[in-house]
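The structure appears below as structure tokens.
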Amino acid sequence: MDAGSIPAASTIFYLYCYNRLVYKINFIIGLVISINIFANNDYENFECYSTDSELSDSAYWATTSIDLFDKNKYKEAVSIVDACFSIFSYEAVVMQKKFNAQNAKFPPSGRVSRKEKEKIHDNWAVNDVSVALWSKARSLEEMGNIDLAKIAYSQCIFLTHGRAWDPKGWFWVPASDCAKRARKLLN
């Protein structure tokens, strides 16, 4: 094996630094672009940080999108998801790829112990992004935007380790529901 076939450590380090820099730039751009919507109900300019001390930024984003979906405010739900997607999706994809590479066991759904619940909540990125994508896909479908709904469903399906907490006391799997609904749209 010649030395030219193995990347130099400096090249690997450079690529690592470059990827981190791109992530940071995307994060900063997302923060700079966002403007608080709650003062004027301008959902297209949703602020991507939590105003609720009980929720993380991404959980607040996902919860807001699903609450709007539940209130039949489909256009607003899609706008909320789109406003912050670039901020939270990168971490979700990295997390999901890591689970895939490790052949990680899928988190349980349904009722779980407190210890399992904490483990599931540690997967915050795949959880929150999968919920947000679910609400976007469902909203698009309800609005009749089937082609866009299919795209959102396909993004949601990728996040197989994501779980959503139902206030009734159990977890459900957004990716599974997205797969079922996407299949119906393809038939």
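Chain labels run A, B, ... following the order of the structure tokens; each chain numbers its residues from 1, and ligands are numbered from 1 in the order shown.
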
Residue set, range 100-137 of chain A restricted to helix (DSSP H, G or I), as JSON, numbers by chain: {"A": [100, 101, 114, 115, 116, 117, 118, 119, 120, 121, 124, 125, 126, 127, 128, 129, 130, 131, 132, 133, 134, 135, 136, 137]}

Distance query range 175-186 of chain A at most 9 Å, only C-alpha atoms, self and fewer than 6 positions along chain excluded, as a ChimeraX atom specification: /A:130-131,133-134,137-138,146,149-150,152-163

Those selected residues, please, written with C-alpha atoms and delivered as a PDB file, in the first residue's frame.
```pdb
ATOM      1  CA  SER A 130     -39.089  13.505  13.851  1.00  0.00           C
ATOM      2  CA  VAL A 131     -42.093  15.052  15.634  1.00  0.00           C
ATOM      3  CA  LEU A 133     -41.413  16.472  10.417  1.00  0.00           C
ATOM      4  CA  TRP A 134     -44.472  14.409  11.298  1.00  0.00           C
ATOM      5  CA  ALA A 137     -46.006  16.069   6.613  1.00  0.00           C
ATOM      6  CA  ARG A 138     -49.467  15.655   8.135  1.00  0.00           C
ATOM      7  CA  ILE A 146     -49.306  15.654  -1.593  1.00  0.00           C
ATOM      8  CA  ALA A 149     -46.085  15.730   2.021  1.00  0.00           C
ATOM      9  CA  LYS A 150     -44.315  12.751   0.454  1.00  0.00           C
ATOM     10  CA  ALA A 152     -41.619  15.401   4.456  1.00  0.00           C
ATOM     11  CA  TYR A 153     -42.775  11.835   5.170  1.00  0.00           C
ATOM     12  CA  SER A 154     -39.576  10.457   3.620  1.00  0.00           C
ATOM     13  CA  GLN A 155     -37.468  12.720   5.838  1.00  0.00           C
ATOM     14  CA  CYS A 156     -39.435  11.634   8.894  1.00  0.00           C
ATOM     15  CA  ILE A 157     -39.079   7.938   8.007  1.00  0.00           C
ATOM     16  CA  PHE A 158     -35.276   8.243   8.143  1.00  0.00           C
ATOM     17  CA  LEU A 159     -35.370   9.161  11.861  1.00  0.00           C
ATOM     18  CA  THR A 160     -36.251   5.668  13.063  1.00  0.00           C
ATOM     19  CA  HIS A 161     -34.915   6.200  16.595  1.00  0.00           C
ATOM     20  CA  GLY A 162     -37.130   9.238  17.204  1.00  0.00           C
ATOM     21  CA  ARG A 163     -39.896   8.927  19.780  1.00  0.00           C
TER      22      ARG A 163
END
```

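Across the model, the gap from CA of Ala132 in chain A to CA of Ile66 in chain A is 6.8 Å.
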
Counting only C-alpha atoms, the option among A:Asn127, A:Asn187, A:Ser79, A:Ser109 closest to Met95 in chain A: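 Distance minimum relative to Met95 in chain A lands on A:Asn127.
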
Nearest to Val112 in chain A, chosen from A:Asp128, A:Gly169, A:Cys48, A:Pro174, with only C-alpha atoms counted in the distances: A:Gly169

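Closest approach to Met143 in chain A among A:Ala164, A:Val126, A:Ala77, A:Ala83 is made by A:Ala77 (distances from only C-alpha atoms).
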
All residues 6 Å or closer to Trp170 in chain A, only C-alpha atoms, same chain fewer than 4 positions away omitted, as a list of chain:residue names: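 In the requested format, the answer is A:Gly110, A:Arg111, A:Trp165, A:Asp166.
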
Would you put the residues from that selection into a file with N, CA and C atoms, as a tab-separated table (two decimals), in the first residue's frame?
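The new file out-v9.tsv reads:
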```
chain	number	residue	atom	x	y	z
A	110	GLY	N	-44.69	3.05	23.64
A	110	GLY	CA	-45.68	2.69	24.64
A	110	GLY	C	-45.27	3.21	26.01
A	111	ARG	N	-45.79	2.59	27.03
A	111	ARG	CA	-45.43	2.98	28.41
A	111	ARG	C	-44.05	2.41	28.74
A	165	TRP	N	-43.44	11.87	22.87
A	165	TRP	CA	-44.13	11.67	24.14
A	165	TRP	C	-45.57	12.15	24.01
A	166	ASP	N	-46.49	11.29	24.34
A	166	ASP	CA	-47.90	11.65	24.38
A	166	ASP	C	-48.22	12.04	25.82
```

Residue set, range 71-171 of chain A restricted to strand (DSSP E or B), as a list in words: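 Here are the strand (DSSP E or B) residues of range 71-171 of chain A: Gly110, Ala164, Trp165, Asp166, Trp170 and Phe171 of chain A.
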
Selection from above, C-alpha atoms, as a CSV table (one decimal), in the first residue's frame, can you write it?
```csv
chain,number,residue,atom,x,y,z
A,110,GLY,CA,-45.7,2.7,24.6
A,164,ALA,CA,-42.7,11.3,20.7
A,165,TRP,CA,-44.1,11.7,24.1
A,166,ASP,CA,-47.9,11.6,24.4
A,170,TRP,CA,-46.6,6.9,26.5
A,171,PHE,CA,-44.2,7.1,23.6
```

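CA of Asp52 in chain A is positioned 19.4 Å from CA of Glu76 in chain A.
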
Two-atom distance - CA of Asn123 in chain A, CA of Ala92 in chain A (Å): 8.5 Å
